[in-house]
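Source file: structure-v1.pdb; contents: PDB, N, CA and C atoms.
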```pdb
ATOM      1  N   MET J1190     -20.019 -15.934 -18.263  1.00  0.00           N
ATOM      2  CA  MET J1190     -19.977 -15.145 -17.038  1.00  0.00           C
ATOM      3  C   MET J1190     -19.405 -13.756 -17.327  1.00  0.00           C
ATOM      4  N   THR J1191     -19.848 -12.803 -16.539  1.00  0.00           N
ATOM      5  CA  THR J1191     -19.335 -11.442 -16.711  1.00  0.00           C
ATOM      6  C   THR J1191     -18.044 -11.264 -15.944  1.00  0.00           C
ATOM      7  N   LYS J1192     -17.273 -10.306 -16.373  1.00  0.00           N
ATOM      8  CA  LYS J1192     -15.999 -10.037 -15.713  1.00  0.00           C
ATOM      9  C   LYS J1192     -16.226  -9.261 -14.422  1.00  0.00           C
ATOM     10  N   ARG J1193     -15.241  -9.321 -13.550  1.00  0.00           N
ATOM     11  CA  ARG J1193     -15.296  -8.517 -12.321  1.00  0.00           C
ATOM     12  C   ARG J1193     -15.143  -7.041 -12.691  1.00  0.00           C
ATOM     13  N   THR J1194     -15.811  -6.184 -11.945  1.00  0.00           N
ATOM     14  CA  THR J1194     -15.753  -4.764 -12.283  1.00  0.00           C
ATOM     15  C   THR J1194     -14.445  -4.127 -11.856  1.00  0.00           C
ATOM     16  N   LEU J1195     -13.891  -4.589 -10.765  1.00  0.00           N
ATOM     17  CA  LEU J1195     -12.614  -4.038 -10.323  1.00  0.00           C
ATOM     18  C   LEU J1195     -11.540  -5.100 -10.413  1.00  0.00           C
ATOM     19  N   GLY J1196     -10.421  -4.711 -10.980  1.00  0.00           N
ATOM     20  CA  GLY J1196      -9.328  -5.658 -11.110  1.00  0.00           C
ATOM     21  C   GLY J1196      -8.038  -5.049 -10.606  1.00  0.00           C
ATOM     22  N   GLY J1197      -6.928  -5.522 -11.130  1.00  0.00           N
ATOM     23  CA  GLY J1197      -5.630  -5.012 -10.740  1.00  0.00           C
ATOM     24  C   GLY J1197      -4.684  -6.168 -10.510  1.00  0.00           C
ATOM     25  N   THR J1198      -3.406  -5.905 -10.661  1.00  0.00           N
ATOM     26  CA  THR J1198      -2.430  -6.969 -10.481  1.00  0.00           C
ATOM     27  C   THR J1198      -1.641  -6.764  -9.203  1.00  0.00           C
ATOM     28  N   VAL J1199      -1.163  -7.852  -8.666  1.00  0.00           N
ATOM     29  CA  VAL J1199      -0.378  -7.805  -7.428  1.00  0.00           C
ATOM     30  C   VAL J1199       0.924  -7.045  -7.656  1.00  0.00           C
ATOM     31  N   ARG J1200       1.538  -7.263  -8.812  1.00  0.00           N
ATOM     32  CA  ARG J1200       2.805  -6.598  -9.119  1.00  0.00           C
ATOM     33  C   ARG J1200       2.658  -5.078  -9.105  1.00  0.00           C
ATOM     34  N   LYS J1201       1.591  -4.600  -9.762  1.00  0.00           N
ATOM     35  CA  LYS J1201       1.328  -3.160  -9.794  1.00  0.00           C
ATOM     36  C   LYS J1201       1.126  -2.611  -8.380  1.00  0.00           C
ATOM     37  N   ARG J1202       0.329  -3.316  -7.585  1.00  0.00           N
ATOM     38  CA  ARG J1202       0.021  -2.852  -6.228  1.00  0.00           C
ATOM     39  C   ARG J1202       1.280  -2.774  -5.369  1.00  0.00           C
ATOM     40  N   LYS J1203       2.143  -3.790  -5.497  1.00  0.00           N
ATOM     41  CA  LYS J1203       3.389  -3.796  -4.737  1.00  0.00           C
ATOM     42  C   LYS J1203       4.315  -2.674  -5.166  1.00  0.00           C
ATOM     43  N   ARG J1204       4.375  -2.440  -6.465  1.00  0.00           N
ATOM     44  CA  ARG J1204       5.292  -1.410  -6.980  1.00  0.00           C
ATOM     45  C   ARG J1204       4.850  -0.007  -6.623  1.00  0.00           C
ATOM     46  N   VAL J1205       3.539   0.172  -6.498  1.00  0.00           N
ATOM     47  CA  VAL J1205       3.021   1.505  -6.219  1.00  0.00           C
ATOM     48  C   VAL J1205       2.893   1.766  -4.728  1.00  0.00           C
ATOM     49  N   SER J1206       2.365   0.790  -3.988  1.00  0.00           N
ATOM     50  CA  SER J1206       2.052   1.055  -2.581  1.00  0.00           C
ATOM     51  C   SER J1206       2.571  -0.007  -1.623  1.00  0.00           C
ATOM     52  N   GLY J1207       3.661  -0.678  -2.005  1.00  0.00           N
ATOM     53  CA  GLY J1207       4.267  -1.661  -1.117  1.00  0.00           C
ATOM     54  C   GLY J1207       5.070  -0.989  -0.012  1.00  0.00           C
ATOM     55  N   PHE J1208       5.449  -1.789   0.974  1.00  0.00           N
ATOM     56  CA  PHE J1208       6.166  -1.252   2.133  1.00  0.00           C
ATOM     57  C   PHE J1208       7.503  -0.625   1.752  1.00  0.00           C
ATOM     58  N   ARG J1209       8.257  -1.324   0.924  1.00  0.00           N
ATOM     59  CA  ARG J1209       9.586  -0.828   0.561  1.00  0.00           C
ATOM     60  C   ARG J1209       9.505   0.455  -0.265  1.00  0.00           C
ATOM     61  N   VAL J1210       8.473   0.592  -1.067  1.00  0.00           N
ATOM     62  CA  VAL J1210       8.283   1.822  -1.845  1.00  0.00           C
ATOM     63  C   VAL J1210       7.938   2.968  -0.905  1.00  0.00           C
ATOM     64  N   ARG J1211       7.101   2.691   0.101  1.00  0.00           N
ATOM     65  CA  ARG J1211       6.722   3.721   1.060  1.00  0.00           C
ATOM     66  C   ARG J1211       7.942   4.246   1.823  1.00  0.00           C
ATOM     67  N   MET J1212       8.840   3.342   2.185  1.00  0.00           N
ATOM     68  CA  MET J1212       9.977   3.724   3.001  1.00  0.00           C
ATOM     69  C   MET J1212      11.022   4.535   2.234  1.00  0.00           C
ATOM     70  N   ARG J1213      10.878   4.617   0.911  1.00  0.00           N
ATOM     71  CA  ARG J1213      11.858   5.359   0.117  1.00  0.00           C
ATOM     72  C   ARG J1213      11.744   6.865   0.263  1.00  0.00           C
ATOM     73  N   THR J1214      10.518   7.367   0.441  1.00  0.00           N
ATOM     74  CA  THR J1214      10.329   8.806   0.457  1.00  0.00           C
ATOM     75  C   THR J1214       9.901   9.296   1.834  1.00  0.00           C
ATOM     76  N   HIS J1215      10.062  10.574   2.024  1.00  0.00           N
ATOM     77  CA  HIS J1215       9.686  11.206   3.289  1.00  0.00           C
ATOM     78  C   HIS J1215       8.185  11.089   3.518  1.00  0.00           C
ATOM     79  N   HIS J1216       7.410  11.359   2.483  1.00  0.00           N
ATOM     80  CA  HIS J1216       5.959  11.288   2.607  1.00  0.00           C
ATOM     81  C   HIS J1216       5.497   9.852   2.857  1.00  0.00           C
ATOM     82  N   GLY J1217       6.171   8.915   2.203  1.00  0.00           N
ATOM     83  CA  GLY J1217       5.827   7.505   2.393  1.00  0.00           C
ATOM     84  C   GLY J1217       6.083   7.066   3.821  1.00  0.00           C
ATOM     85  N   ARG J1218       7.191   7.510   4.377  1.00  0.00           N
ATOM     86  CA  ARG J1218       7.506   7.168   5.768  1.00  0.00           C
ATOM     87  C   ARG J1218       6.481   7.774   6.713  1.00  0.00           C
ATOM     88  N   ASN J1219       6.019   8.989   6.396  1.00  0.00           N
ATOM     89  CA  ASN J1219       4.973   9.605   7.199  1.00  0.00           C
ATOM     90  C   ASN J1219       3.682   8.796   7.134  1.00  0.00           C
ATOM     91  N   THR J1220       3.391   8.257   5.955  1.00  0.00           N
ATOM     92  CA  THR J1220       2.205   7.420   5.789  1.00  0.00           C
ATOM     93  C   THR J1220       2.273   6.203   6.704  1.00  0.00           C
ATOM     94  N   ILE J1221       3.418   5.514   6.679  1.00  0.00           N
ATOM     95  CA  ILE J1221       3.600   4.329   7.513  1.00  0.00           C
ATOM     96  C   ILE J1221       3.498   4.703   8.990  1.00  0.00           C
ATOM     97  N   LYS J1222       4.109   5.833   9.337  1.00  0.00           N
ATOM     98  CA  LYS J1222       4.094   6.283  10.732  1.00  0.00           C
ATOM     99  C   LYS J1222       2.674   6.547  11.216  1.00  0.00           C
ATOM    100  N   SER J1223       1.886   7.213  10.368  1.00  0.00           N
ATOM    101  CA  SER J1223       0.514   7.533  10.769  1.00  0.00           C
ATOM    102  C   SER J1223      -0.336   6.274  10.877  1.00  0.00           C
ATOM    103  N   ARG J1224      -0.080   5.293  10.011  1.00  0.00           N
ATOM    104  CA  ARG J1224      -0.832   4.045  10.075  1.00  0.00           C
ATOM    105  C   ARG J1224      -0.455   3.242  11.320  1.00  0.00           C
ATOM    106  N   ARG J1225       0.842   3.310  11.704  1.00  0.00           N
ATOM    107  CA  ARG J1225       1.264   2.662  12.951  1.00  0.00           C
ATOM    108  C   ARG J1225       0.579   3.316  14.147  1.00  0.00           C
ATOM    109  N   LYS J1226       0.537   4.643  14.121  1.00  0.00           N
ATOM    110  CA  LYS J1226      -0.065   5.405  15.211  1.00  0.00           C
ATOM    111  C   LYS J1226      -1.547   5.082  15.365  1.00  0.00           C
ATOM    112  N   LYS J1227      -2.202   4.876  14.233  1.00  0.00           N
ATOM    113  CA  LYS J1227      -3.629   4.555  14.240  1.00  0.00           C
ATOM    114  C   LYS J1227      -3.888   3.116  14.687  1.00  0.00           C
ATOM    115  N   GLY J1228      -2.850   2.286  14.585  1.00  0.00           N
ATOM    116  CA  GLY J1228      -2.976   0.905  15.031  1.00  0.00           C
ATOM    117  C   GLY J1228      -3.451  -0.049  13.939  1.00  0.00           C
ATOM    118  N   ARG J1229      -3.092   0.269  12.702  1.00  0.00           N
ATOM    119  CA  ARG J1229      -3.489  -0.568  11.586  1.00  0.00           C
ATOM    120  C   ARG J1229      -2.827  -1.946  11.678  1.00  0.00           C
ATOM    121  N   ALA J1230      -3.574  -2.970  11.358  1.00  0.00           N
ATOM    122  CA  ALA J1230      -3.004  -4.319  11.305  1.00  0.00           C
ATOM    123  C   ALA J1230      -2.115  -4.431  10.078  1.00  0.00           C
ATOM    124  N   ARG J1231      -2.556  -3.842   8.936  1.00  0.00           N
ATOM    125  CA  ARG J1231      -1.771  -3.849   7.706  1.00  0.00           C
ATOM    126  C   ARG J1231      -1.286  -2.432   7.439  1.00  0.00           C
ATOM    127  N   LEU J1232       0.033  -2.266   7.371  1.00  0.00           N
ATOM    128  CA  LEU J1232       0.601  -0.940   7.156  1.00  0.00           C
ATOM    129  C   LEU J1232       0.605  -0.552   5.685  1.00  0.00           C
ATOM    130  N   SER J1233       0.836  -1.539   4.822  1.00  0.00           N
ATOM    131  CA  SER J1233       0.864  -1.254   3.393  1.00  0.00           C
ATOM    132  C   SER J1233       0.512  -2.520   2.645  1.00  0.00           C
ATOM    133  N   ALA J1234       0.363  -2.386   1.335  1.00  0.00           N
ATOM    134  CA  ALA J1234      -0.020  -3.528   0.496  1.00  0.00           C
ATOM    135  C   ALA J1234       1.125  -4.511   0.334  1.00  0.00           C
TER     136      ALA J1234
END
```

Re-express the file's structure as structure tokens.
Amino acid sequence: MTKRTLGGTVRKRKRVSGFRVRMRTHHGRNTIKSRRKKGRARLSA
């Protein structure tokens, strides 16, 4: 069988774009705020 074309690990995703990482910086908090405003079901990974 062939491999999947897109991969990635859960650990990497959490470390880069998890909720707690977002809340650390000003820009990250703005990201969460805008996603809340838009009504996203999932705010971050």

With the cut-off set at 5 Å and counting all atoms listed in the file, tabulate each residue of range 1192-1220 of chain J with an atom at most that distance from an atom of range 1224-1234 of chain J, showing the nearest atom pair and its distance in Å to one decimal, ordered by chain and increasing number, as a Markdown table.
```
| residue | atom | partner | partner_atom | distance |
| --- | --- | --- | --- | --- |
| J:Ser1206 | C | J:Ala1234 | N | 4.4 |
| J:Gly1207 | CA | J:Ala1234 | C | 4.5 |
| J:Thr1220 | C | J:Arg1224 | N | 4.2 |
```

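You will find CA of Arg1193 in chain J at 29.1 Å from CA of Arg1209 in chain J.
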
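The two atoms in question, CA of Arg1202 in chain J and atom C of Gly1217 in chain J, are spaced 15.4 Å apart.
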
*asked:* Please report the interatomic distance between CA of Lys1192 in chain J and atom N of Val1205 in chain J in Å with one decimal.
replied: 23.9 Å

*Enumerate, as a ChimeraX atom specification, the complete set of residues in chain J that a backbone-based DSSP assignment places in alpha helix (DSSP H).*
/J:1199-1206,1208-1211,1215-1227
